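*Asks:* Just one file: protein_26.cif, with mmCIF, C-alpha atoms and all ligand atoms.
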data_coords
loop_
_atom_site.label_atom_id
_atom_site.label_comp_id
_atom_site.auth_asym_id
_atom_site.auth_seq_id
_atom_site.Cartn_x
_atom_site.Cartn_y
_atom_site.Cartn_z
CA MET A 1 -3.93 -72.53 -6.82
CA ALA A 2 -5.71 -70.31 -4.37
CA PRO A 3 -5.90 -71.81 -0.89
CA GLN A 4 -9.33 -73.23 -0.22
CA GLY A 5 -9.10 -73.50 3.52
CA GLU A 6 -8.46 -77.27 3.48
CA ASP A 7 -5.86 -76.69 6.13
CA VAL A 8 -8.74 -76.35 8.52
CA ILE A 9 -7.69 -77.63 11.78
CA VAL A 10 -10.62 -78.50 13.98
CA PRO A 11 -13.91 -78.67 12.10
CA ASP A 12 -15.84 -80.80 14.56
CA ARG A 13 -14.38 -80.04 17.95
CA LYS A 14 -16.81 -78.72 20.48
CA LEU A 15 -16.72 -74.98 20.86
CA GLU A 16 -15.87 -75.19 24.52
CA MET A 17 -12.70 -77.12 23.71
CA ILE A 18 -11.35 -74.41 21.41
CA LEU A 19 -12.84 -71.09 22.49
CA SER A 20 -10.49 -68.71 24.19
CA MET A 21 -9.42 -65.14 23.83
CA LYS A 22 -6.09 -64.71 22.07
CA GLY A 23 -3.48 -65.69 24.66
CA GLY A 24 0.06 -64.43 25.29
CA ASN A 25 1.28 -60.85 25.10
CA GLY A 26 1.34 -60.26 21.32
CA LYS A 27 -0.29 -57.36 19.48
CA GLY A 28 -3.51 -59.29 18.87
CA SER A 29 -3.65 -60.79 22.37
CA TYR A 30 -6.55 -60.22 24.74
CA ALA A 31 -4.11 -59.07 27.42
CA ASN A 32 -3.11 -56.19 25.13
CA ASN A 33 -6.54 -55.46 23.70
CA SER A 34 -8.82 -55.38 26.68
CA GLN A 35 -8.45 -51.75 27.74
CA ALA A 36 -12.05 -51.11 26.69
CA GLN A 37 -13.32 -53.88 28.98
CA ALA A 38 -11.10 -52.46 31.75
CA LYS A 39 -12.60 -49.01 31.23
CA HIS A 40 -16.17 -50.31 31.15
CA ALA A 41 -15.58 -52.40 34.29
CA ARG A 42 -14.22 -49.38 36.15
CA SER A 43 -17.29 -47.35 35.21
CA MET A 44 -19.43 -50.01 36.95
CA LEU A 45 -17.42 -50.36 40.15
CA HIS A 46 -20.11 -48.63 42.20
CA LEU A 47 -22.61 -51.29 41.06
CA LEU A 48 -20.16 -54.06 41.92
CA LYS A 49 -19.63 -52.59 45.40
CA GLU A 50 -23.40 -52.29 45.95
CA THR A 51 -23.66 -56.00 45.17
CA LEU A 52 -20.82 -56.80 47.58
CA ASP A 53 -22.72 -54.88 50.24
CA ASN A 54 -25.50 -57.47 49.89
CA VAL A 55 -23.23 -60.36 50.87
CA GLN A 56 -23.97 -61.51 54.40
CA LEU A 57 -20.91 -61.31 56.66
CA LYS A 58 -20.14 -64.41 58.69
CA PRO A 59 -18.25 -63.23 61.77
CA ALA A 60 -15.29 -65.13 63.18
CA SER A 61 -15.44 -67.61 60.36
CA GLU A 62 -12.86 -70.37 60.27
CA VAL A 63 -13.56 -70.99 56.60
CA PRO A 64 -12.21 -68.67 53.90
CA PHE A 65 -14.36 -66.16 52.05
CA THR A 66 -14.46 -67.48 48.50
CA VAL A 67 -14.66 -65.45 45.31
CA ALA A 68 -14.88 -66.86 41.79
CA ASP A 69 -14.36 -64.91 38.58
CA LEU A 70 -16.06 -66.78 35.74
CA GLY A 71 -14.72 -66.16 32.24
CA CYS A 72 -11.59 -64.57 33.71
CA SER A 73 -9.54 -64.80 30.47
CA CYS A 74 -5.90 -63.78 30.76
CA GLY A 75 -4.83 -60.26 31.53
CA ASN A 76 -4.93 -57.71 34.27
CA ASN A 77 -8.69 -57.12 34.25
CA THR A 78 -9.55 -60.17 36.32
CA LEU A 79 -6.71 -59.50 38.79
CA TYR A 80 -7.83 -55.91 39.21
CA ILE A 81 -11.45 -56.89 39.85
CA VAL A 82 -10.62 -59.66 42.32
CA ASP A 83 -8.43 -57.19 44.20
CA VAL A 84 -11.28 -54.66 44.34
CA ILE A 85 -13.68 -57.35 45.60
CA ILE A 86 -11.39 -58.56 48.36
CA LYS A 87 -10.36 -55.09 49.53
CA HIS A 88 -14.01 -54.06 49.70
CA MET A 89 -14.93 -57.14 51.72
CA ILE A 90 -12.03 -56.58 54.13
CA GLU A 91 -13.23 -53.03 54.65
CA ARG A 92 -16.74 -54.27 55.32
CA TYR A 93 -15.54 -56.81 57.89
CA GLU A 94 -13.40 -54.23 59.65
CA TYR A 95 -16.12 -51.59 59.57
CA SER A 96 -18.48 -54.08 61.23
CA GLY A 97 -15.90 -54.78 63.95
CA TYR A 98 -15.06 -58.30 62.74
CA VAL A 99 -11.70 -59.85 62.05
CA PRO A 100 -11.66 -60.55 58.31
CA PRO A 101 -11.37 -64.21 57.32
CA GLU A 102 -8.80 -65.55 54.85
CA PHE A 103 -9.70 -65.15 51.19
CA SER A 104 -9.63 -67.63 48.32
CA ALA A 105 -9.99 -66.54 44.69
CA PHE A 106 -10.83 -68.93 41.88
CA PHE A 107 -9.99 -67.87 38.33
CA SER A 108 -12.20 -69.87 36.01
CA ASP A 109 -12.39 -70.11 32.24
CA LEU A 110 -12.55 -72.70 29.46
CA PRO A 111 -9.65 -75.19 29.31
CA SER A 112 -7.94 -73.47 26.35
CA ASN A 113 -7.67 -70.18 28.22
CA ASP A 114 -4.07 -69.04 28.62
CA PHE A 115 -3.87 -69.68 32.37
CA ASN A 116 -0.06 -69.62 32.17
CA THR A 117 0.02 -65.96 31.14
CA LEU A 118 -2.56 -65.15 33.81
CA PHE A 119 -0.65 -66.90 36.58
CA GLN A 120 2.56 -65.14 35.55
CA LEU A 121 0.80 -61.80 36.05
CA LEU A 122 -0.28 -62.68 39.58
CA PRO A 123 1.38 -60.58 42.25
CA PRO A 124 3.15 -62.61 44.95
CA ILE A 125 1.22 -63.35 48.12
CA ALA A 126 2.04 -61.00 50.97
CA LYS A 127 3.52 -62.37 54.18
CA GLY A 128 2.28 -61.40 57.60
CA SER A 129 -1.00 -60.02 58.89
CA MET A 130 -3.89 -58.72 56.83
CA GLU A 131 -2.91 -55.13 57.73
CA GLU A 132 0.66 -55.67 56.54
CA CYS A 133 -0.66 -57.28 53.48
CA LEU A 134 -2.94 -54.36 52.59
CA ALA A 135 -0.11 -51.92 53.20
CA THR A 136 2.16 -53.75 50.76
CA ASP A 137 1.67 -52.65 47.17
CA ASN A 138 1.84 -55.24 44.42
CA HIS A 139 1.07 -58.09 46.75
CA ARG A 140 -2.09 -60.06 47.08
CA SER A 141 -4.00 -60.87 50.20
CA TYR A 142 -5.68 -64.02 48.90
CA PHE A 143 -4.97 -67.60 47.89
CA VAL A 144 -5.48 -68.57 44.26
CA ALA A 145 -6.57 -71.51 42.15
CA GLY A 146 -7.40 -71.87 38.45
CA VAL A 147 -10.60 -73.72 37.55
CA PRO A 148 -10.87 -74.91 33.94
CA GLY A 149 -14.39 -75.69 32.69
CA SER A 150 -17.56 -74.29 31.21
CA PHE A 151 -19.61 -72.00 33.43
CA TYR A 152 -22.68 -73.55 31.85
CA ARG A 153 -22.01 -76.57 34.07
CA ARG A 154 -21.01 -77.21 37.68
CA LEU A 155 -17.52 -75.93 38.55
CA PHE A 156 -17.48 -75.89 42.37
CA PRO A 157 -18.72 -78.02 45.28
CA THR A 158 -22.18 -77.41 46.71
CA ARG A 159 -22.51 -74.24 48.83
CA SER A 160 -18.84 -73.33 48.60
CA ILE A 161 -18.76 -69.85 46.99
CA ASP A 162 -19.61 -66.51 48.65
CA PHE A 163 -19.34 -64.27 45.63
CA PHE A 164 -19.49 -64.88 41.89
CA HIS A 165 -18.27 -62.31 39.42
CA SER A 166 -18.48 -62.59 35.64
CA ALA A 167 -17.74 -59.76 33.22
CA PHE A 168 -18.04 -59.63 29.42
CA SER A 169 -18.41 -63.41 29.14
CA LEU A 170 -22.02 -64.57 29.35
CA HIS A 171 -22.83 -63.37 25.83
CA TRP A 172 -20.63 -66.24 24.57
CA LEU A 173 -22.97 -69.10 23.77
CA SER A 174 -22.08 -72.69 24.64
CA GLN A 175 -22.39 -73.50 20.93
CA VAL A 176 -23.62 -72.13 17.62
CA PRO A 177 -27.22 -73.42 17.49
CA GLU A 178 -27.34 -76.55 15.33
CA SER A 179 -30.17 -75.27 13.12
CA VAL A 180 -28.06 -72.23 12.19
CA GLN A 181 -25.50 -74.57 10.63
CA ASP A 182 -27.99 -76.96 9.06
CA LYS A 183 -28.46 -76.23 5.36
CA ARG A 184 -31.97 -77.73 5.40
CA SER A 185 -33.16 -75.54 8.24
CA PRO A 186 -34.92 -72.20 7.74
CA ALA A 187 -32.54 -70.91 10.45
CA TYR A 188 -29.47 -71.65 8.26
CA ASN A 189 -27.45 -68.46 8.35
CA LYS A 190 -26.64 -68.30 4.66
CA GLY A 191 -24.27 -65.56 3.60
CA ARG A 192 -23.54 -64.38 7.14
CA VAL A 193 -21.14 -64.99 9.97
CA PHE A 194 -23.25 -63.33 12.67
CA ILE A 195 -26.96 -62.81 13.37
CA HIS A 196 -26.92 -59.07 12.83
CA ASN A 197 -29.44 -58.45 10.02
CA ALA A 198 -30.01 -62.21 9.68
CA ASN A 199 -33.47 -63.72 9.21
CA GLU A 200 -35.93 -64.09 12.07
CA GLN A 201 -35.50 -67.87 12.42
CA THR A 202 -31.73 -67.54 12.77
CA ALA A 203 -32.13 -64.86 15.39
CA ASN A 204 -34.69 -66.93 17.30
CA ALA A 205 -32.35 -69.91 17.30
CA TYR A 206 -29.64 -67.71 18.85
CA LYS A 207 -32.07 -66.29 21.38
CA SER A 208 -33.22 -69.78 22.48
CA GLN A 209 -29.62 -70.93 22.78
CA PHE A 210 -28.79 -67.89 24.93
CA GLN A 211 -31.76 -68.47 27.21
CA ARG A 212 -31.01 -72.20 27.59
CA ASP A 213 -27.38 -71.41 28.38
CA LEU A 214 -28.22 -68.71 30.91
CA ALA A 215 -30.71 -71.06 32.59
CA ALA A 216 -27.97 -73.71 32.90
CA PHE A 217 -25.55 -71.09 34.28
CA LEU A 218 -28.01 -69.97 36.98
CA LYS A 219 -28.92 -73.53 37.91
CA ALA A 220 -25.26 -74.44 38.47
CA ARG A 221 -24.59 -71.26 40.48
CA SER A 222 -27.67 -71.79 42.65
CA GLN A 223 -26.15 -75.08 43.77
CA GLU A 224 -22.66 -73.71 44.34
CA MET A 225 -23.43 -70.45 46.10
CA LYS A 226 -23.49 -70.23 49.88
CA ARG A 227 -26.66 -68.86 51.47
CA GLY A 228 -26.24 -65.12 51.87
CA GLY A 229 -23.94 -64.98 48.83
CA SER A 230 -24.26 -62.67 45.84
CA MET A 231 -23.38 -62.50 42.19
CA PHE A 232 -22.45 -59.65 39.85
CA LEU A 233 -22.88 -60.34 36.14
CA VAL A 234 -22.09 -58.10 33.18
CA CYS A 235 -22.53 -59.15 29.56
CA LEU A 236 -23.20 -57.55 26.20
CA GLY A 237 -26.75 -56.34 25.83
CA ARG A 238 -28.80 -54.48 23.26
CA THR A 239 -31.41 -51.77 23.44
CA SER A 240 -33.51 -52.93 20.48
CA PRO A 241 -36.25 -55.51 21.12
CA ASP A 242 -35.35 -57.05 17.74
CA PRO A 243 -32.57 -59.67 18.07
CA THR A 244 -31.49 -59.13 14.45
CA ASP A 245 -30.41 -55.65 15.53
CA GLN A 246 -27.44 -56.53 17.72
CA GLY A 247 -26.31 -52.91 18.18
CA GLY A 248 -22.53 -52.46 18.80
CA PRO A 249 -21.67 -56.17 18.48
CA GLY A 250 -23.68 -56.11 15.24
CA ILE A 251 -21.37 -53.41 13.89
CA LEU A 252 -18.29 -55.24 15.18
CA PHE A 253 -19.11 -58.62 13.62
CA GLY A 254 -21.81 -57.81 11.09
CA THR A 255 -20.23 -55.09 8.93
CA HIS A 256 -16.49 -54.87 8.14
CA PHE A 257 -15.76 -58.31 9.59
CA GLN A 258 -18.63 -59.74 7.52
CA ASP A 259 -17.49 -57.90 4.37
CA SER A 260 -13.97 -59.25 4.86
CA TRP A 261 -15.31 -62.81 4.88
CA ASN A 262 -17.16 -61.97 1.67
CA ASP A 263 -13.88 -60.78 0.19
CA LEU A 264 -12.42 -64.23 0.78
CA VAL A 265 -15.36 -65.80 -1.00
CA LEU A 266 -14.36 -64.25 -4.25
CA GLU A 267 -16.27 -66.02 -6.93
CA VAL A 268 -15.75 -65.56 -10.65
CA ILE A 269 -18.55 -66.74 -12.84
CA MET A 270 -17.85 -67.18 -16.49
CA ILE A 271 -20.76 -66.66 -18.82
CA HIS A 272 -20.04 -69.13 -21.59
CA SER A 273 -22.47 -67.77 -24.10
CA SER A 274 -20.82 -64.39 -24.18
CA SER A 275 -17.33 -63.10 -24.08
CA PHE A 276 -17.30 -61.26 -20.80
CA PHE A 277 -17.12 -62.15 -17.14
CA VAL A 278 -19.27 -61.23 -14.22
CA TYR A 279 -17.46 -61.32 -10.99
CA ILE A 280 -18.50 -60.81 -7.39
CA PRO A 281 -16.69 -59.07 -4.96
CA SER A 282 -13.03 -58.76 -4.13
CA LEU A 283 -10.58 -56.08 -3.24
CA SER A 284 -7.97 -57.51 -5.57
CA PHE A 285 -8.22 -59.55 -8.72
CA LYS A 286 -4.54 -59.62 -9.44
CA TRP A 287 -4.14 -63.34 -8.84
CA PHE A 288 -7.13 -63.95 -11.09
CA ALA A 289 -5.86 -61.76 -13.86
CA ASP A 290 -2.56 -63.69 -13.77
CA ASN A 291 -4.28 -67.06 -14.00
CA PRO A 292 -3.80 -68.56 -17.50
CA PHE A 293 -6.94 -70.70 -17.16
CA ARG A 294 -9.16 -67.79 -16.37
CA ARG A 295 -11.09 -68.03 -19.63
CA SER A 296 -11.86 -71.68 -19.42
CA CYS A 297 -12.72 -72.47 -15.85
CA ARG A 298 -14.85 -71.36 -13.00
CA ILE A 299 -12.55 -70.05 -10.35
CA HIS A 300 -13.39 -70.01 -6.70
CA GLY A 301 -12.09 -67.62 -4.14
CA LEU A 302 -9.83 -68.15 -1.20
CA ILE A 303 -12.64 -70.01 0.53
CA THR A 304 -15.96 -71.42 -0.64
CA SER A 305 -19.17 -69.68 0.31
CA GLU A 306 -20.07 -72.80 2.30
CA LYS A 307 -16.89 -72.41 4.31
CA ARG A 308 -17.99 -68.89 5.22
CA ASP A 309 -21.54 -69.98 5.94
CA THR A 310 -20.42 -72.66 8.37
CA PHE A 311 -18.62 -70.05 10.44
CA ASN A 312 -20.80 -68.21 12.93
CA ILE A 313 -19.78 -66.01 15.83
CA PRO A 314 -21.33 -67.65 18.92
CA VAL A 315 -22.22 -64.36 20.61
CA TYR A 316 -25.65 -63.05 21.52
CA ALA A 317 -26.27 -59.55 22.85
CA SER A 318 -29.41 -60.06 24.86
CA SER A 319 -32.20 -57.60 25.57
CA LEU A 320 -33.06 -56.90 29.19
CA GLN A 321 -36.30 -58.79 28.65
CA ASP A 322 -34.55 -61.92 27.26
CA PHE A 323 -32.33 -61.92 30.34
CA ARG A 324 -35.02 -61.16 32.91
CA GLU A 325 -37.27 -63.99 31.69
CA VAL A 326 -34.56 -66.53 32.50
CA VAL A 327 -33.69 -65.13 35.94
CA GLU A 328 -37.37 -65.09 36.86
CA ALA A 329 -37.98 -68.59 35.55
CA ASN A 330 -35.03 -69.84 37.62
CA GLY A 331 -36.58 -68.22 40.67
CA THR A 332 -33.79 -68.93 43.16
CA PHE A 333 -32.12 -65.50 43.15
CA ARG A 334 -33.35 -62.20 44.48
CA ILE A 335 -32.88 -59.50 41.84
CA ASN A 336 -31.18 -56.49 43.45
CA LYS A 337 -30.57 -54.81 40.14
CA LEU A 338 -31.08 -55.72 36.51
CA GLU A 339 -30.46 -52.96 34.04
CA ILE A 340 -28.88 -52.00 30.77
CA PHE A 341 -25.85 -49.79 31.03
CA LYS A 342 -24.11 -47.78 28.32
CA GLY A 343 -20.55 -49.09 28.09
CA GLY A 344 -19.04 -47.01 25.28
CA SER A 345 -16.80 -47.91 22.41
CA PRO A 346 -14.72 -51.10 22.31
CA LEU A 347 -12.10 -49.16 20.34
CA VAL A 348 -9.50 -47.50 22.51
CA VAL A 349 -7.34 -45.24 20.34
CA SER A 350 -4.83 -42.60 21.32
CA GLN A 351 -5.33 -40.57 18.13
CA PRO A 352 -8.92 -40.69 16.92
CA ASP A 353 -7.99 -38.69 13.81
CA ASP A 354 -5.57 -41.35 12.69
CA ALA A 355 -7.67 -43.62 10.46
CA THR A 356 -4.91 -46.24 10.36
CA GLU A 357 -4.93 -46.54 14.13
CA VAL A 358 -8.72 -46.89 14.17
CA GLY A 359 -8.56 -49.66 11.54
CA ARG A 360 -5.87 -51.45 13.50
CA ALA A 361 -7.88 -51.12 16.72
CA LEU A 362 -10.92 -52.63 14.99
CA ALA A 363 -8.93 -55.57 13.62
CA ASN A 364 -7.17 -56.19 16.94
CA SER A 365 -10.41 -55.92 18.84
CA CYS A 366 -12.11 -58.52 16.60
CA ARG A 367 -9.04 -60.70 16.56
CA SER A 368 -8.40 -60.73 20.30
CA VAL A 369 -11.88 -62.17 20.92
CA ALA A 370 -12.70 -64.14 17.75
CA GLY A 371 -9.23 -64.81 16.28
CA VAL A 372 -8.85 -68.24 17.84
CA LEU A 373 -12.15 -69.39 16.28
CA VAL A 374 -11.26 -67.93 12.89
CA ASP A 375 -7.82 -69.62 12.96
CA ALA A 376 -9.50 -72.93 13.78
CA HIS A 377 -11.96 -72.54 10.89
CA ILE A 378 -9.76 -71.34 8.04
CA GLY A 379 -6.18 -71.72 9.28
CA ASP A 380 -3.62 -69.11 10.29
CA GLN A 381 -2.73 -67.84 6.82
CA LEU A 382 -6.25 -67.05 5.70
CA SER A 383 -7.02 -65.67 9.12
CA GLU A 384 -4.13 -63.23 8.68
CA GLU A 385 -5.60 -62.26 5.30
CA LEU A 386 -9.06 -61.80 6.80
CA PHE A 387 -7.94 -59.54 9.63
CA SER A 388 -5.77 -57.42 7.37
CA ARG A 389 -8.91 -56.80 5.33
CA VAL A 390 -10.83 -55.89 8.48
CA GLU A 391 -8.06 -53.40 9.28
CA HIS A 392 -8.14 -51.94 5.78
CA ARG A 393 -11.93 -51.63 5.79
CA GLY A 394 -11.89 -50.17 9.31
CA SER A 395 -9.40 -47.48 8.25
CA SER A 396 -11.65 -46.50 5.34
CA HIS A 397 -14.62 -46.04 7.72
CA ALA A 398 -12.75 -44.72 10.75
CA LYS A 399 -14.93 -41.70 11.44
CA GLU A 400 -18.26 -43.52 11.39
CA LEU A 401 -16.82 -46.42 13.39
CA LEU A 402 -15.82 -44.09 16.18
CA GLU A 403 -19.26 -42.47 16.11
CA GLN A 404 -21.40 -45.57 15.80
CA LEU A 405 -19.61 -48.44 17.52
CA GLN A 406 -21.02 -48.31 21.05
CA PHE A 407 -21.59 -51.20 23.43
CA TYR A 408 -24.37 -51.61 25.97
CA HIS A 409 -24.12 -54.06 28.84
CA ILE A 410 -26.64 -55.94 30.89
CA VAL A 411 -25.75 -55.63 34.55
CA ALA A 412 -27.28 -58.07 37.02
CA SER A 413 -26.87 -58.03 40.76
CA LEU A 414 -28.38 -61.18 42.28
CA SER A 415 -28.45 -62.61 45.79
CA PHE A 416 -29.06 -66.09 47.12
CA GLU A 417 -30.95 -66.30 50.41
C1 LIG B 1 -14.05 -61.04 26.72
S1 LIG B 1 -13.39 -62.22 27.80
C2 LIG B 1 -13.68 -61.44 29.36
C3 LIG B 1 -12.48 -61.48 30.25
C4 LIG B 1 -12.52 -60.76 31.57
N1 LIG B 1 -13.66 -61.16 32.38
C5 LIG B 1 -12.47 -59.25 31.44
O1 LIG B 1 -13.26 -58.60 32.11
O2 LIG B 1 -11.63 -58.73 30.72
C6 LIG B 1 -14.62 -63.52 27.79
C7 LIG B 1 -14.14 -64.79 28.44
O3 LIG B 1 -15.25 -65.69 28.62
C8 LIG B 1 -14.78 -66.99 28.43
N2 LIG B 1 -15.88 -67.91 28.19
C9 LIG B 1 -16.71 -67.96 27.12
N3 LIG B 1 -17.56 -68.98 27.23
C10 LIG B 1 -17.27 -69.60 28.42
C11 LIG B 1 -17.81 -70.72 29.10
N4 LIG B 1 -18.81 -71.43 28.57
N5 LIG B 1 -17.27 -71.07 30.28
C12 LIG B 1 -16.24 -70.36 30.81
N6 LIG B 1 -15.69 -69.29 30.21
C13 LIG B 1 -16.20 -68.91 29.02
C14 LIG B 1 -13.84 -66.85 27.25
O4 LIG B 1 -12.98 -67.96 27.14
C15 LIG B 1 -13.14 -65.55 27.59
O5 LIG B 1 -11.95 -65.75 28.27
#
So, in terms of structure tokens, how does the structure I just supplied come out?
Ligand SMILES: C[S@@+](CC[C@H](N)C(=O)[O-])C[C@H]1O[C@@H](n2cnc3c(N)ncnc32)[C@H](O)[C@@H]1O
*Replies:*
Amino acid sequence: MAPQGEDVIVPDRKLEMILSMKGGNGKGSYANNSQAQAKHARSMLHLLKETLDNVQLKPASEVPFTVADLGCSCGNNTLYIVDVIIKHMIERYEYSGYVPPEFSAFFSDLPSNDFNTLFQLLPPIAKGSMEECLATDNHRSYFVAGVPGSFYRRLFPTRSIDFFHSAFSLHWLSQVPESVQDKRSPAYNKGRVFIHNANEQTANAYKSQFQRDLAAFLKARSQEMKRGGSMFLVCLGRTSPDPTDQGGPGILFGTHFQDSWNDLVLEVIMIHSSSFFVYIPSLSFKWFADNPFRRSCRIHGLITSEKRDTFNIPVYASSLQDFREVVEANGTFRINKLEIFKGGSPLVVSQPDDATEVGRALANSCRSVAGVLVDAHIGDQLSEELFSRVEHRGSSHAKELLEQLQFYHIVASLSFE
């Protein structure tokens, strides 16, 4: 019998208890599939440094300068950014004629993040003075702690953090809006696993969830940040005012990934009054053709349509306006900069003409960020099946994927006075 996805592991656990990027160092891991984020982050370093220039220096401070990276995940990106932040601040202190303070860096993410892999990547702390430390390659000049928890709630003591950084994380919602999963609601996202091209009610439910979440994020940070501190935030954004047009993320989760879910929902409908079948869609019907009961029973696919419809990617690419409304309503931060920035493609391929490589990059890219949620919803085996279909479909549309799949980011530089 075809698997129906009964091996589902965690149907009711809260999203924040299961969400993480794919850990470890495997081919689908985030650590090995985050070159695009690394590239996009590097293209925004000048904006990060401008934000750091807004942080008020506190001369001869006995207390450490504290940096927190929220949604750090596991991989080199967070280590690289924290290093940039601390080196820039040391330069600023020295340029102003001050002795730099000690530095503390907090790496924060949800509890299921692979902190072990991250901590194993950490360079050892340098011994000796700050100068010696800066002169020593592959050493760090800061103390470290991991902070598990949701950034939509309090993570740090009151007025304890000088600088918050968060990249490519705030588009993850705290939950899929309840109405989107409620069959009786007009916002029920029937037939889809993302809001791209969904109905208006579904999109509005996502938008409200995003704005509530961002409001909670800002409220928590406004309590934790020291006066004179700053914050640099980057998350997926969109250029269209219409939330059902999610742009690049819409192509990532709303086309080949969506079609691959539909493949799993193979449904064969037998028309009793006649002698032929109508069937809806699948790449392969071999297992069906081999089934001796095919003429007498209705045969479902690898998963039911309801199983697909209860899976939704909890991501929202916000417009600048959606984002601005929340920052302004919060009112505690000065906006230094709030703009939309072209990030480029999430697919990093060495040979763009090789359709197989493009397909693999698409599947790995989807899997490194959404694989853990898919595994939790349909189990490892079906998840494997799903992503191999994404790869296959991606290879067949390699050229247009490379042309059309472009990400935009919202970049916010905020200060607390
Ligand atoms: C795409 S990764 C970004 C990683 C890293 N900042 C980078 O630049 O490569 C997004 C991260 O956000 C985290 N995240 C999502 N929702 C979160 C939440 N509510 N609280 C804390 N972290 C969250 C995910 O677990 C994931 O590790």
*Asks:* May I ask which of the residues A:Arg367, A:His46, A:Arg227, A:Arg324 is the closest one to ligand LIG 1 (chain B), counting all atoms listed in the file?
*Replies:*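 Among A:Arg367, A:His46, A:Arg227, A:Arg324, it is A:Arg367 that comes nearest to ligand LIG 1 (chain B).
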*Asks:* Counting all atoms listed in the file, what are the residues, protein, DNA or RNA alike, that approach ligand LIG 1 (chain B) to within 8 Å? I want them as a PyMOL selection string.
*Replies:* chain A and resi 16+19-21+30+34+37-38+41+69-78+108-110+112-113+148-152+166-174+369
*Asks:* Since we have the selection now, will you write its residues out, keeping C-alpha atoms, as a tab-separated table (two decimals), in the frame of the given file?
*Replies:*
chain	number	residue	atom	x	y	z
A	16	GLU	CA	-15.87	-75.19	24.52
A	19	LEU	CA	-12.84	-71.09	22.49
A	20	SER	CA	-10.49	-68.71	24.19
A	21	MET	CA	-9.42	-65.14	23.83
A	30	TYR	CA	-6.55	-60.22	24.74
A	34	SER	CA	-8.82	-55.38	26.68
A	37	GLN	CA	-13.32	-53.88	28.98
A	38	ALA	CA	-11.10	-52.46	31.75
A	41	ALA	CA	-15.58	-52.40	34.29
A	69	ASP	CA	-14.36	-64.91	38.58
A	70	LEU	CA	-16.06	-66.78	35.74
A	71	GLY	CA	-14.72	-66.16	32.24
A	72	CYS	CA	-11.59	-64.57	33.71
A	73	SER	CA	-9.54	-64.80	30.47
A	74	CYS	CA	-5.90	-63.78	30.76
A	75	GLY	CA	-4.83	-60.26	31.53
A	76	ASN	CA	-4.93	-57.71	34.27
A	77	ASN	CA	-8.69	-57.12	34.25
A	78	THR	CA	-9.55	-60.17	36.32
A	108	SER	CA	-12.20	-69.87	36.01
A	109	ASP	CA	-12.39	-70.11	32.24
A	110	LEU	CA	-12.55	-72.70	29.46
A	112	SER	CA	-7.94	-73.47	26.35
A	113	ASN	CA	-7.67	-70.18	28.22
A	148	PRO	CA	-10.87	-74.91	33.94
A	149	GLY	CA	-14.39	-75.69	32.69
A	150	SER	CA	-17.56	-74.29	31.21
A	151	PHE	CA	-19.61	-72.00	33.43
A	152	TYR	CA	-22.68	-73.55	31.85
A	166	SER	CA	-18.48	-62.59	35.64
A	167	ALA	CA	-17.74	-59.76	33.22
A	168	PHE	CA	-18.04	-59.63	29.42
A	169	SER	CA	-18.41	-63.41	29.14
A	170	LEU	CA	-22.02	-64.57	29.35
A	171	HIS	CA	-22.83	-63.37	25.83
A	172	TRP	CA	-20.63	-66.24	24.57
A	173	LEU	CA	-22.97	-69.10	23.77
A	174	SER	CA	-22.08	-72.69	24.64
A	369	VAL	CA	-11.88	-62.17	20.92
*Asks:* Choose the residue, out of A:Lys14, A:Lys183, A:His139, A:Lys226, that has the smallest atom-to-atom separation from Val55 (chain A); count only C-alpha atoms.
*Replies:*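 Among A:Lys14, A:Lys183, A:His139, A:Lys226, it is A:Lys226 that comes nearest to Val55 (chain A).
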*Asks:* Using all atoms listed in the file for the distances, tell me which of A:Gly97, A:Asp353, A:Val348, A:Ala198 is nearest to Lys39 (chain A).
*Replies:*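 Using all atoms listed in the file, Lys39 (chain A) sits closest to A:Val348.
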*Asks:* For the atom pair CA of Phe217 (chain A) and CA of Arg153 (chain A), what is the interatomic distance in Å to one decimal place?
*Replies:* 6.5 Å
